[in-house]
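Peer 1: Structure supplied as final_11.cif; contents: mmCIF, C-alpha atoms.
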```cif
data_query
#
loop_
_atom_site.label_atom_id
_atom_site.label_comp_id
_atom_site.auth_asym_id
_atom_site.auth_seq_id
_atom_site.Cartn_x
_atom_site.Cartn_y
_atom_site.Cartn_z
CA MET R 1269 24.69 -111.71 171.73
CA ASN R 1270 22.40 -114.61 172.55
CA LYS R 1271 23.38 -115.12 176.17
CA LYS R 1272 20.98 -117.02 178.39
CA LEU R 1273 20.50 -116.78 182.13
CA PHE R 1274 20.38 -120.54 182.59
CA ASP R 1275 22.35 -123.42 181.10
CA GLU R 1276 19.96 -125.27 178.79
CA LYS R 1277 21.21 -128.72 179.81
CA THR R 1278 21.78 -128.35 183.56
CA GLY R 1279 19.46 -125.45 184.41
CA MET R 1280 22.28 -123.80 186.38
CA LEU R 1281 22.44 -120.02 186.61
CA LEU R 1282 25.21 -118.68 184.35
CA LEU R 1283 25.66 -115.14 185.68
CA ASP R 1284 28.93 -115.89 187.45
CA GLU R 1285 30.49 -117.19 184.23
CA TYR R 1286 29.63 -113.97 182.40
CA ILE R 1287 31.04 -111.94 185.29
CA CYS R 1288 34.40 -113.67 184.98
CA GLU R 1289 34.59 -112.54 181.36
CA MET R 1290 33.89 -108.89 182.11
CA PRO R 1291 36.79 -106.41 181.92
CA SER R 1292 35.40 -104.55 184.95
CA PHE R 1293 35.58 -107.68 187.11
CA ARG R 1294 39.02 -108.66 185.88
CA LYS R 1295 40.36 -105.15 186.43
CA ILE R 1296 39.09 -105.01 189.99
CA THR R 1297 40.29 -108.50 190.94
CA GLU R 1298 43.65 -108.57 189.17
CA ASP R 1299 45.49 -106.80 191.96
CA SER R 1300 43.15 -107.79 194.84
CA VAL R 1301 42.93 -104.11 195.80
CA ILE R 1302 39.64 -102.26 195.47
CA THR R 1303 39.94 -98.49 195.52
CA SER R 1304 37.17 -96.04 196.28
CA ASP R 1305 37.54 -94.71 192.72
CA GLU R 1306 36.86 -98.20 191.36
CA VAL R 1307 33.77 -98.50 193.55
CA MET R 1308 32.51 -95.08 192.41
CA GLY R 1309 33.21 -95.93 188.78
CA GLN R 1310 31.37 -99.24 189.03
CA THR R 1311 28.44 -97.58 190.81
CA GLU R 1312 28.08 -95.03 188.02
CA LYS R 1313 28.28 -97.78 185.41
CA VAL R 1314 25.45 -99.71 187.12
CA ILE R 1315 23.28 -96.60 187.42
CA ASN R 1316 23.76 -95.80 183.74
CA LEU R 1317 22.94 -99.40 182.75
CA LEU R 1318 19.77 -99.37 184.85
CA LYS R 1319 18.69 -96.09 183.27
CA ARG R 1320 19.32 -97.48 179.77
CA LEU R 1321 17.40 -100.61 180.67
CA GLU R 1322 14.50 -98.67 182.12
CA SER R 1323 14.12 -96.58 178.97
CA ALA R 1324 14.39 -99.66 176.72
CA LEU R 1325 11.68 -101.65 178.48
CA GLN R 1326 7.91 -101.64 178.12
CA PRO R 1327 5.97 -100.87 181.35
CA GLU R 1328 5.24 -104.54 182.08
CA GLU R 1329 8.85 -105.52 181.49
CA ARG R 1330 9.97 -102.67 183.75
CA GLU R 1331 7.69 -103.98 186.51
CA LEU R 1332 9.16 -107.44 186.08
CA LEU R 1333 12.71 -106.10 186.23
CA ILE R 1334 12.01 -104.12 189.40
CA GLU R 1335 10.31 -107.11 191.03
CA THR R 1336 13.22 -109.39 190.09
CA LEU R 1337 15.88 -107.01 191.42
CA CYS R 1338 13.97 -106.55 194.68
CA GLU R 1339 13.47 -110.28 195.19
CA ILE R 1340 17.17 -110.94 194.49
CA ALA R 1341 18.05 -108.38 197.15
CA VAL R 1342 15.65 -110.01 199.63
CA LEU R 1343 17.07 -113.49 198.94
CA TYR R 1344 20.61 -112.21 199.36
CA ALA R 1345 19.74 -110.50 202.64
CA VAL R 1346 17.87 -113.43 204.19
CA SER R 1347 20.42 -116.04 203.16
CA ARG R 1348 23.50 -114.20 204.45
CA LYS R 1349 23.44 -116.18 207.71
CA ASP R 1350 23.45 -119.59 206.08
CA VAL R 1351 25.64 -119.10 203.07
CA MET G 81 22.46 -126.88 211.17
CA GLY G 82 22.55 -124.78 207.99
CA MET G 83 20.28 -125.21 205.01
CA PHE G 84 22.82 -126.53 202.57
CA GLU G 85 24.61 -129.16 204.64
CA THR G 86 24.10 -132.56 206.19
CA VAL G 87 25.39 -133.12 209.71
CA LYS G 88 25.58 -136.31 211.72
CA PHE G 89 27.07 -137.04 215.13
CA VAL G 90 28.42 -140.56 215.49
CA PRO G 91 28.98 -141.66 219.11
CA VAL G 92 32.23 -143.36 218.25
CA SER G 93 35.77 -142.24 218.95
CA THR G 94 38.73 -143.87 217.32
CA ARG G 95 42.48 -143.42 217.13
CA GLU G 96 42.30 -144.82 213.63
CA LEU G 97 40.84 -141.66 212.12
CA PRO G 98 43.54 -141.57 209.40
CA SER G 99 42.28 -144.98 208.25
CA VAL G 100 38.68 -143.74 208.35
CA ALA G 101 39.59 -140.74 206.21
CA GLY G 102 41.70 -142.91 203.91
CA GLU G 103 38.90 -145.38 203.29
CA SER G 104 36.41 -142.68 202.36
CA ILE G 105 38.97 -141.03 200.07
CA GLU G 106 39.63 -144.30 198.26
CA HIS G 107 35.90 -144.96 197.94
CA PHE G 108 35.30 -141.68 196.13
CA ARG G 109 38.46 -141.78 194.04
CA ALA G 110 37.35 -145.19 192.76
CA LYS G 111 34.10 -143.53 191.67
CA GLY G 112 35.97 -140.94 189.60
CA PHE G 113 35.86 -138.03 192.03
CA GLU G 114 38.71 -135.59 192.40
CA VAL G 115 39.58 -135.68 196.10
CA LYS G 116 41.70 -133.47 198.30
CA GLU G 117 42.28 -133.94 202.03
CA GLU G 118 43.66 -131.74 204.77
CA ASN G 119 44.34 -132.32 208.44
CA THR G 120 42.72 -129.96 210.90
CA ILE G 121 44.28 -128.57 214.07
CA THR G 122 41.72 -130.50 216.15
CA GLY G 123 42.98 -133.81 214.78
CA GLY G 124 40.19 -134.19 212.23
CA TYR G 125 40.04 -134.06 208.48
CA ASN G 126 38.61 -131.87 205.75
CA ILE G 127 37.91 -133.79 202.56
CA SER G 128 36.91 -132.09 199.29
CA LEU G 129 35.06 -134.03 196.61
CA SER G 130 34.49 -132.68 193.13
CA LYS G 131 33.41 -134.00 189.76
CA GLY G 132 32.96 -131.89 186.63
CA ASN G 133 29.38 -132.69 185.76
CA LEU G 134 28.09 -132.33 189.31
CA PHE G 135 29.96 -129.31 190.61
CA LYS G 136 29.85 -126.05 188.65
CA SER G 137 32.65 -123.52 188.89
CA VAL G 138 31.57 -120.22 190.43
CA LEU G 139 33.51 -117.06 189.57
CA GLY G 140 36.25 -119.31 188.25
CA MET G 141 36.50 -121.44 191.41
CA LYS G 142 35.61 -125.13 191.40
CA THR G 143 32.88 -126.00 193.87
CA ALA G 144 32.89 -129.24 195.84
CA LEU G 145 31.24 -131.23 198.58
CA ASN G 146 33.43 -130.44 201.59
CA ILE G 147 33.29 -133.00 204.37
CA GLU G 148 34.50 -132.21 207.86
CA ILE G 149 35.36 -135.10 210.18
CA ASP G 150 35.66 -133.55 213.62
CA PRO G 151 36.59 -135.80 216.56
CA SER G 152 35.62 -135.04 220.14
CA ALA G 153 35.80 -136.85 223.47
CA ASN G 154 32.44 -138.56 223.12
CA GLY G 155 32.22 -139.10 219.38
CA THR G 156 32.82 -137.80 215.89
CA ARG G 157 30.92 -135.12 214.00
CA ILE G 158 30.54 -135.43 210.26
CA LYS G 159 29.44 -132.42 208.25
CA ALA G 160 28.99 -132.36 204.46
CA GLY G 161 28.28 -129.10 202.69
CA ILE G 162 28.98 -127.07 199.57
CA GLY G 163 32.30 -125.28 199.44
CA ILE G 164 35.21 -124.47 197.17
CA PHE G 165 37.46 -127.40 196.26
CA GLY G 166 40.43 -127.60 198.56
CA GLN G 167 39.42 -124.63 200.70
CA GLN G 168 38.03 -124.91 204.22
CA ALA G 169 36.20 -121.58 204.20
CA LEU G 170 34.16 -119.95 201.46
CA PRO G 171 36.10 -117.01 199.97
CA SER G 172 34.43 -113.67 200.64
CA ILE G 173 34.20 -112.98 196.91
CA ILE G 174 31.84 -115.97 196.71
CA THR G 175 29.69 -115.13 199.75
CA ALA G 176 29.48 -111.50 198.59
CA PHE G 177 28.29 -112.56 195.13
CA ILE G 178 24.64 -111.56 194.88
CA ALA G 179 23.62 -114.68 192.97
CA TRP G 180 25.46 -117.09 195.33
CA PRO G 181 22.25 -118.02 197.23
CA VAL G 182 20.72 -119.16 193.94
CA LEU G 183 23.82 -121.08 192.88
CA ILE G 184 24.42 -122.81 196.22
CA SER G 185 20.80 -124.01 196.31
CA GLN G 186 21.14 -125.35 192.75
CA ILE G 187 24.43 -127.11 193.47
CA TRP G 188 23.09 -128.51 196.76
CA GLY G 189 19.98 -129.70 194.92
CA MET G 190 22.13 -131.73 192.54
CA VAL G 191 24.15 -133.13 195.44
CA GLN G 192 20.99 -134.25 197.23
CA GLN G 193 19.50 -135.65 194.03
CA SER G 194 22.56 -137.83 193.60
CA LYS G 195 22.47 -138.60 197.37
CA LEU G 196 26.17 -137.77 197.53
CA ASP G 197 25.79 -136.09 200.93
CA ASP G 198 24.09 -139.16 202.45
CA GLU G 199 26.60 -141.47 200.82
CA SER G 200 29.60 -139.56 202.16
CA VAL G 201 28.20 -139.50 205.70
CA SER G 202 27.28 -143.21 205.56
CA ILE G 203 30.69 -144.27 204.29
CA ILE G 204 32.46 -142.41 207.07
CA GLU G 205 29.99 -143.56 209.72
CA GLU G 206 30.43 -147.22 208.73
CA SER G 207 34.18 -146.81 208.76
CA LEU G 208 34.08 -145.18 212.20
CA TYR G 209 32.17 -148.12 213.64
CA ARG G 210 34.59 -150.57 212.05
CA HIS G 211 37.51 -148.75 213.63
CA ALA G 212 35.81 -148.01 216.97
CA SER G 213 37.74 -148.70 220.17
CA ASN G 214 35.35 -151.48 221.05
CA SER G 215 35.12 -152.41 217.41
CA THR G 216 33.24 -155.71 217.41
CA ASN G 217 30.48 -154.76 219.82
CA GLU G 218 30.02 -151.24 218.49
CA TYR G 219 29.90 -152.35 214.85
CA ASN G 220 27.44 -155.16 215.52
CA THR G 221 25.22 -152.86 217.54
CA TYR G 222 25.30 -150.33 214.71
CA LYS G 223 24.37 -152.90 212.11
CA THR G 224 21.55 -154.59 214.02
CA SER G 225 19.89 -151.92 216.09
CA SER G 226 17.31 -149.45 214.90
CA ALA G 227 18.96 -146.16 214.15
CA ALA G 228 19.79 -144.40 217.41
CA ALA G 229 19.68 -140.68 217.12
CA TYR G 230 22.17 -138.25 218.53
CA CYS G 231 22.13 -134.48 218.67
CA THR G 232 24.25 -133.12 215.80
CA GLU G 233 25.34 -130.19 217.95
CA CYS G 234 26.36 -131.73 221.30
CA GLY G 235 26.19 -135.49 220.73
CA ALA G 236 23.57 -136.25 223.40
CA LYS G 237 21.47 -139.34 222.78
CA LEU G 238 17.92 -138.58 221.62
CA GLU G 239 14.85 -140.71 222.20
CA PRO G 240 12.59 -141.10 219.12
CA SER G 241 9.89 -138.92 220.68
CA MET G 242 12.19 -135.98 221.38
CA LYS G 243 11.87 -132.97 219.11
CA PHE G 244 14.54 -130.95 220.92
CA CYS G 245 17.83 -131.98 222.47
CA PRO G 246 17.46 -132.22 226.26
CA GLU G 247 21.09 -131.13 226.74
CA CYS G 248 21.55 -128.12 224.46
CA GLY G 249 18.03 -127.42 223.23
CA SER G 250 18.88 -127.73 219.51
CA LYS G 251 16.03 -128.66 217.25
CA ARG G 252 16.24 -132.25 216.03
#
```
Have the structure of the file written as structure tokens, please.

Peer 2:
Amino acid sequence: MNKKLFDEKTGMLLLDEYICEMPSFRKITEDSVITSDEVMGQTEKVINLLKRLESALQPEERELLIETLCEIAVLYAVSRKDV
Amino acid sequence: MGMFETVKFVPVSTRELPSVAGESIEHFRAKGFEVKEENTITGGYNISLSKGNLFKSVLGMKTALNIEIDPSANGTRIKAGIGIFGQQALPSIITAFIAWPVLISQIWGMVQQSKLDDESVSIIEESLYRHASNSTNEYNTYKTSSAAAYCTECGAKLEPSMKFCPECGSKR
């Protein structure tokens, strides 16, 4: 319950390690086949999580979340060529 | 040249490339690195270096410093960049991972901090000069002259004042 975003010793981002532990990730990758139903199901899960998060956050925290998600999307888009 | 890689063109060709690769492999194994090598279809080598405390696993896959030694008619290109241990190309599941840009910059930062990229390029460059066709003259020239620069894309020689390659236009 006390997960952190960054490793306290190395400072490395830990998101990928949490993803490997998730049943949704394991289910989708176990057979290397991704169906449209799986994509739809995962999309709905993400939408529901974002709605839960939005209602659980104070206005300032909500702003910070939105800013963070947008900047992640920008970084991902601009770095596609090099990575 | 990409952001998270070091590239150097060495104006030396050698038939002793297996020895060059072998020497660099032994160098890093002696330092405790896990090393894997693969021949390429162009007669070069891909060498993967990994060590637990330096290279984090991403989505369950061990990352590494992947070094390409790519021979051509007028020299040898050395490229060192972040990859997955033992794999020439990054798997799409990695490049599609939204946080990969953050992770690759962090891993590359640690590689540069430890100067592993420079070390790997230097080791191979020195070995290339030792095994060059005209080995004595080339090696002595390399050791005594000020560093001559060559375009990392096409291998053309660059004068110190040049900011762009006169042959292919690549930025220095």

Peer 1: Could you list, as a compact mmCIF listing (two decimals) with C-alpha atoms, keeping the file's coordinate frame, every residue matched by the PyMOL selection byres ((chain R) within 10 of (chain G)) in this structure?

Peer 2:
```txt
# COMPACT_ATOMS: atom_id res chain seq x y z
CA THR R 1278 21.78 -128.35 183.56
CA GLY R 1279 19.46 -125.45 184.41
CA MET R 1280 22.28 -123.80 186.38
CA LEU R 1281 22.44 -120.02 186.61
CA LEU R 1282 25.21 -118.68 184.35
CA LEU R 1283 25.66 -115.14 185.68
CA ASP R 1284 28.93 -115.89 187.45
CA GLU R 1285 30.49 -117.19 184.23
CA TYR R 1286 29.63 -113.97 182.40
CA ILE R 1287 31.04 -111.94 185.29
CA CYS R 1288 34.40 -113.67 184.98
CA GLU R 1289 34.59 -112.54 181.36
CA PHE R 1293 35.58 -107.68 187.11
CA THR R 1297 40.29 -108.50 190.94
CA ILE R 1340 17.17 -110.94 194.49
CA ALA R 1341 18.05 -108.38 197.15
CA LEU R 1343 17.07 -113.49 198.94
CA TYR R 1344 20.61 -112.21 199.36
CA ALA R 1345 19.74 -110.50 202.64
CA VAL R 1346 17.87 -113.43 204.19
CA SER R 1347 20.42 -116.04 203.16
CA ARG R 1348 23.50 -114.20 204.45
CA LYS R 1349 23.44 -116.18 207.71
CA ASP R 1350 23.45 -119.59 206.08
CA VAL R 1351 25.64 -119.10 203.07
```

Peer 1: Could you work out how far CA of Ile147 in chain G lies from CA of Val92 in chain G, giving the answer in Å with one decimal?

Peer 2: 17.4 Å

Peer 1: In terms of the shortest atom-to-atom distance over only C-alpha atoms, which of G:Lys116, G:Arg252, G:His211, G:Lys237 is closest to Ile164 in chain G?

Peer 2: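 Among the listed residues, the smallest separation from Ile164 in chain G belongs to G:Lys116.
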
Peer 1: Please provide the set of residues having any atom within 9 Å of Glu114 in chain G, restricted to all atoms listed in the file, with same-chain residues fewer than 2 positions apart removed, written as a list in words.

Peer 2: Phe108, Arg109, Gly112, Lys116, Ser128, Leu129, Ser130, Lys131 and Gly132 of chain G

Peer 1: How far is it from CA of Lys1313 in chain R to CA of Glu1331 in chain R, in Å with one decimal?

Peer 2: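 Here the two named atoms are 21.5 Å from each other.
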
Peer 1: Between CA of Ser241 in chain G and CA of Val87 in chain G, what is the distance, to one decimal in Å?

Peer 2: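 Answer for the CA of Ser241 in chain G to CA of Val87 in chain G separation: 19.9 Å.
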
Peer 1: Find the spatial neighbours of range 152-157 of chain G, counting all atoms listed in the file, within a cut-off of 10 Å - ignore same-chain residues fewer than 3 positions away - and output them as a ChimeraX atom specification.

Peer 2: /G:87-94,97,122-124,148-149,201,204-205,208,212,231-236
